[in-house]
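Text of the file my_file_31.txt, holding compact mmCIF, C-alpha atoms:
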# COMPACT_ATOMS: atom_id res chain seq x y z
CA MET A 146 -4.80 -21.64 -4.04
CA SER A 147 -5.05 -17.97 -3.23
CA HIS A 148 -5.90 -16.69 0.22
CA ALA A 149 -9.16 -15.18 -1.06
CA ALA A 150 -10.26 -18.52 -2.56
CA SER A 151 -9.33 -20.31 0.66
CA PHE A 152 -11.30 -17.78 2.69
CA LYS A 153 -14.27 -18.14 0.33
CA ASP A 154 -14.11 -21.94 0.65
CA SER A 155 -14.01 -21.76 4.45
CA ILE A 156 -17.08 -19.48 4.47
CA ALA A 157 -18.90 -21.83 2.07
CA ALA A 158 -18.01 -24.84 4.26
CA GLU A 159 -19.22 -23.00 7.35
CA LEU A 160 -22.53 -22.17 5.65
CA ALA A 161 -22.96 -25.79 4.53
CA VAL A 162 -22.35 -27.04 8.08
CA MET A 163 -24.85 -24.50 9.41
CA ALA A 164 -27.46 -25.74 6.93
CA GLU A 165 -26.82 -29.36 7.97
CA LEU A 166 -27.01 -28.38 11.63
CA ALA A 167 -30.32 -26.59 11.04
CA ALA A 168 -31.70 -29.75 9.39
CA VAL A 169 -30.49 -31.92 12.30
CA LEU A 170 -32.04 -29.55 14.84
CA GLU A 171 -35.33 -29.67 12.92
CA SER A 172 -35.30 -33.46 12.96
CA GLU A 173 -34.36 -33.47 16.65
CA TYR A 174 -37.24 -31.11 17.38
CA ALA A 175 -39.57 -33.41 15.45
CA LEU A 176 -38.31 -36.32 17.55
CA THR A 177 -39.12 -34.49 20.78
CA ARG A 178 -42.70 -33.85 19.64
CA GLY A 179 -43.29 -37.56 19.31
CA GLU A 180 -42.16 -40.48 21.42
CA PRO A 181 -38.53 -41.08 20.38
CA THR A 182 -36.53 -44.10 21.39
CA LEU A 183 -33.30 -43.74 23.29
CA GLU A 184 -31.28 -44.80 20.22
CA GLU A 185 -32.94 -42.11 18.06
CA LEU A 186 -32.18 -39.44 20.66
CA GLU A 187 -28.60 -40.69 21.02
CA LEU A 188 -28.13 -40.66 17.23
CA ALA A 189 -29.56 -37.13 16.94
CA HIS A 190 -27.32 -35.97 19.80
CA ARG A 191 -24.19 -37.46 18.17
CA GLU A 192 -25.07 -35.89 14.83
CA ARG A 193 -25.66 -32.48 16.46
CA ARG A 194 -22.36 -32.77 18.35
CA ARG A 195 -20.48 -33.80 15.18
CA LEU A 196 -21.87 -30.85 13.23
CA SER A 197 -21.17 -28.47 16.12
CA LEU A 198 -17.54 -29.58 16.16
CA ARG A 199 -17.32 -29.19 12.36
CA LEU A 200 -18.78 -25.70 12.69
CA LEU A 201 -16.21 -24.82 15.36
CA ASP A 202 -13.46 -26.21 13.13
CA CYS A 203 -14.67 -24.12 10.18
CA ARG A 204 -14.79 -21.02 12.35
CA GLN A 205 -11.32 -21.73 13.73
CA ARG A 206 -9.95 -22.09 10.18
CA ARG A 207 -11.58 -18.77 9.25
CA LEU A 208 -10.13 -17.09 12.34
CA ASP A 209 -6.72 -18.56 11.54
CA PHE A 210 -7.00 -17.20 8.01
CA GLU A 211 -7.99 -13.77 9.32
CA ALA A 212 -4.99 -13.82 11.68
CA LEU A 213 -2.75 -14.83 8.78
CA GLN A 214 -4.21 -12.05 6.67
CA SER A 215 -3.65 -9.55 9.49
CA ALA A 216 -0.04 -10.68 9.77
CA ALA A 217 0.35 -10.44 5.99
CA ASP A 218 -1.22 -6.98 6.09
CA ALA A 219 1.22 -5.99 8.84
CA ASP A 220 4.14 -7.30 6.78
CA LEU A 221 2.85 -5.49 3.71
CA TRP A 222 2.33 -2.32 5.72
CA ASN A 223 5.89 -2.54 7.06
CA ALA A 224 7.31 -3.15 3.58
CA LEU A 225 5.36 -0.19 2.17
CA ARG A 226 6.50 2.01 5.06
CA GLN A 227 10.14 1.06 4.41
CA ALA A 228 9.69 1.77 0.69
CA ALA A 229 8.18 5.18 1.49
CA ILE A 230 11.15 5.99 3.74
CA ARG A 231 13.59 4.98 0.98
CA CYS A 232 11.68 7.10 -1.56
CA ARG A 233 11.71 10.10 0.78
CA ASP A 234 15.48 9.72 1.31
CA LEU A 235 16.08 9.44 -2.42
CA ASN A 236 13.86 12.46 -3.09
CA GLU A 237 15.83 14.47 -0.52
CA ARG A 238 19.12 13.43 -2.13
CA VAL A 239 17.86 14.25 -5.61
CA GLY A 240 16.48 17.55 -4.32
CA ALA A 241 19.86 18.41 -2.77
CA LEU A 242 21.63 17.47 -6.01
CA VAL A 243 19.25 19.57 -8.10
CA ALA A 244 19.61 22.50 -5.68
CA ALA A 245 23.42 22.23 -5.87
CA ARG A 246 23.36 22.14 -9.66
CA LEU A 247 20.96 25.07 -9.83
CA HIS A 248 23.23 27.00 -7.47
CA HIS A 249 26.22 26.15 -9.69
CA LEU A 250 24.33 27.19 -12.83
CA ASN A 251 23.21 30.37 -11.14
CA GLY A 252 26.86 31.11 -10.34
CA LEU A 253 27.84 30.43 -13.95
CA LEU A 254 25.04 32.67 -15.19
CA THR A 255 26.17 35.37 -12.80
CA VAL A 256 29.71 35.10 -14.14
CA LEU A 257 28.44 35.01 -17.71
CA GLY A 258 26.09 37.86 -16.95
CA GLY A 259 29.00 39.86 -15.52
CA THR A 260 31.06 38.99 -18.59
CA GLN A 261 28.14 39.93 -20.78
CA ARG A 262 27.84 43.24 -18.95
CA SER A 263 31.57 43.80 -19.42
CA LEU A 264 31.27 42.98 -23.11
CA ASN A 265 28.28 45.27 -23.42
CA TYR A 266 30.20 48.04 -21.63
CA ALA A 267 33.18 47.57 -23.96
CA ALA A 268 30.91 47.55 -27.01
CA ASP A 269 29.16 50.65 -25.75
CA ALA A 270 32.52 52.29 -25.18
CA ARG A 271 33.63 51.49 -28.75
CA ILE A 272 30.40 52.90 -30.08
CA ASP A 273 30.88 56.01 -27.96
CA ARG A 274 34.47 56.42 -29.21
CA ARG A 275 33.37 56.11 -32.83
CA ALA A 276 30.63 58.59 -32.25
CA HIS A 277 32.99 61.02 -30.56
CA PRO A 278 36.34 61.21 -32.31
CA THR A 279 37.73 63.28 -29.47
CA LEU A 280 37.30 60.32 -27.12
CA THR A 281 39.24 58.10 -29.52
CA ALA A 282 42.14 60.49 -29.66
CA ARG A 283 42.48 60.53 -25.89
CA ALA A 284 42.31 56.79 -25.50

Encoded form (structure tokens):
Amino acid sequence: MSHAASFKDSIAAELAVMAELAAVLESEYALTRGEPTLEELELAHRERRRLSLRLLDCRQRRLDFEALQSAADADLWNALRQAAIRCRDLNERVGALVAARLHHLNGLLTVLGGTQRSLNYAADARIDRRAHPTLTARA
């Protein structure tokens, strides 16, 4: 049985006891308006006491459930907090790894860019030499 169903059942039981207690109090009030015997008053008193104890028991069960739920909520909160800490640590590690790889790629691109510039310079120089035969003769 789930906790919600148990809580719902305890509330329903508490309401049923309250309805019974209201009926007993009505009958006890009716007894006091007439001339009740001692046995009738004693019986009404015992019934009222029995229902009062049942009502207290229902309320105690509900309070116990609420305490259990609070403890479960605290455990859940702690578990979620620990998971959030682990996620943050993993995100920081992944972020550091990505930053390192980007730095490495940036270095490679810089080297390739420098190589590309060197290649472009050499190609430009060849074009210049072809365009100017005097430069070719000197080289």

Interatomic distance (Å, one decimal) between atom CA of A:Phe210 and atom CA of A:Ala150: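 Taking atom CA of A:Phe210 as the start and atom CA of A:Ala150 as the end point, the length is 11.1 Å.
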
Atom CA of A:Leu200 to atom CA of A:Ser151, distance in Å rounded to a single decimal: 16.2 Å

Within-12 Å shell of (-19.4, -31.9, 13.9) in input frame, only C-alpha atoms, as a ChimeraX atom specification: /A:159,161-163,165-166,169,189-204

Would you put the residues from that selection into a file with C-alpha atoms, as a compact mmCIF listing (two decimals), keeping the file's coordinate frame?
# COMPACT_ATOMS: atom_id res chain seq x y z
CA GLU A 159 -19.22 -23.00 7.35
CA ALA A 161 -22.96 -25.79 4.53
CA VAL A 162 -22.35 -27.04 8.08
CA MET A 163 -24.85 -24.50 9.41
CA GLU A 165 -26.82 -29.36 7.97
CA LEU A 166 -27.01 -28.38 11.63
CA VAL A 169 -30.49 -31.92 12.30
CA ALA A 189 -29.56 -37.13 16.94
CA HIS A 190 -27.32 -35.97 19.80
CA ARG A 191 -24.19 -37.46 18.17
CA GLU A 192 -25.07 -35.89 14.83
CA ARG A 193 -25.66 -32.48 16.46
CA ARG A 194 -22.36 -32.77 18.35
CA ARG A 195 -20.48 -33.80 15.18
CA LEU A 196 -21.87 -30.85 13.23
CA SER A 197 -21.17 -28.47 16.12
CA LEU A 198 -17.54 -29.58 16.16
CA ARG A 199 -17.32 -29.19 12.36
CA LEU A 200 -18.78 -25.70 12.69
CA LEU A 201 -16.21 -24.82 15.36
CA ASP A 202 -13.46 -26.21 13.13
CA CYS A 203 -14.67 -24.12 10.18
CA ARG A 204 -14.79 -21.02 12.35

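We find atom CA of A:Trp222 and atom CA of A:Glu237 to be spaced 22.4 Å apart.
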
Surrounding residues of A:Phe152 excluding itself and chain neighbours under 5 positions, 12 Å, all atoms listed in the file, as a list of chain:residue names: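 What passes the distance filter is A:Met146, A:Ser147, A:Ala157, A:Ala158, A:Glu159, A:Cys203, A:Arg204, A:Gln205, A:Arg206, A:Arg207, A:Leu208, A:Asp209, A:Phe210, A:Glu211, A:Ala212, A:Leu213, A:Gln214.
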
Six-sided padding of 3 Å per side, axis-aligned box over stretch 183-197 of chain A, centre and edges in Å, one decimal, as lines of an AutoDock Vina configuration file:
center_x = -26.9
center_y = -36.6
center_z = 18.3
size_x = 18.8
size_y = 22.3
size_z = 16.1
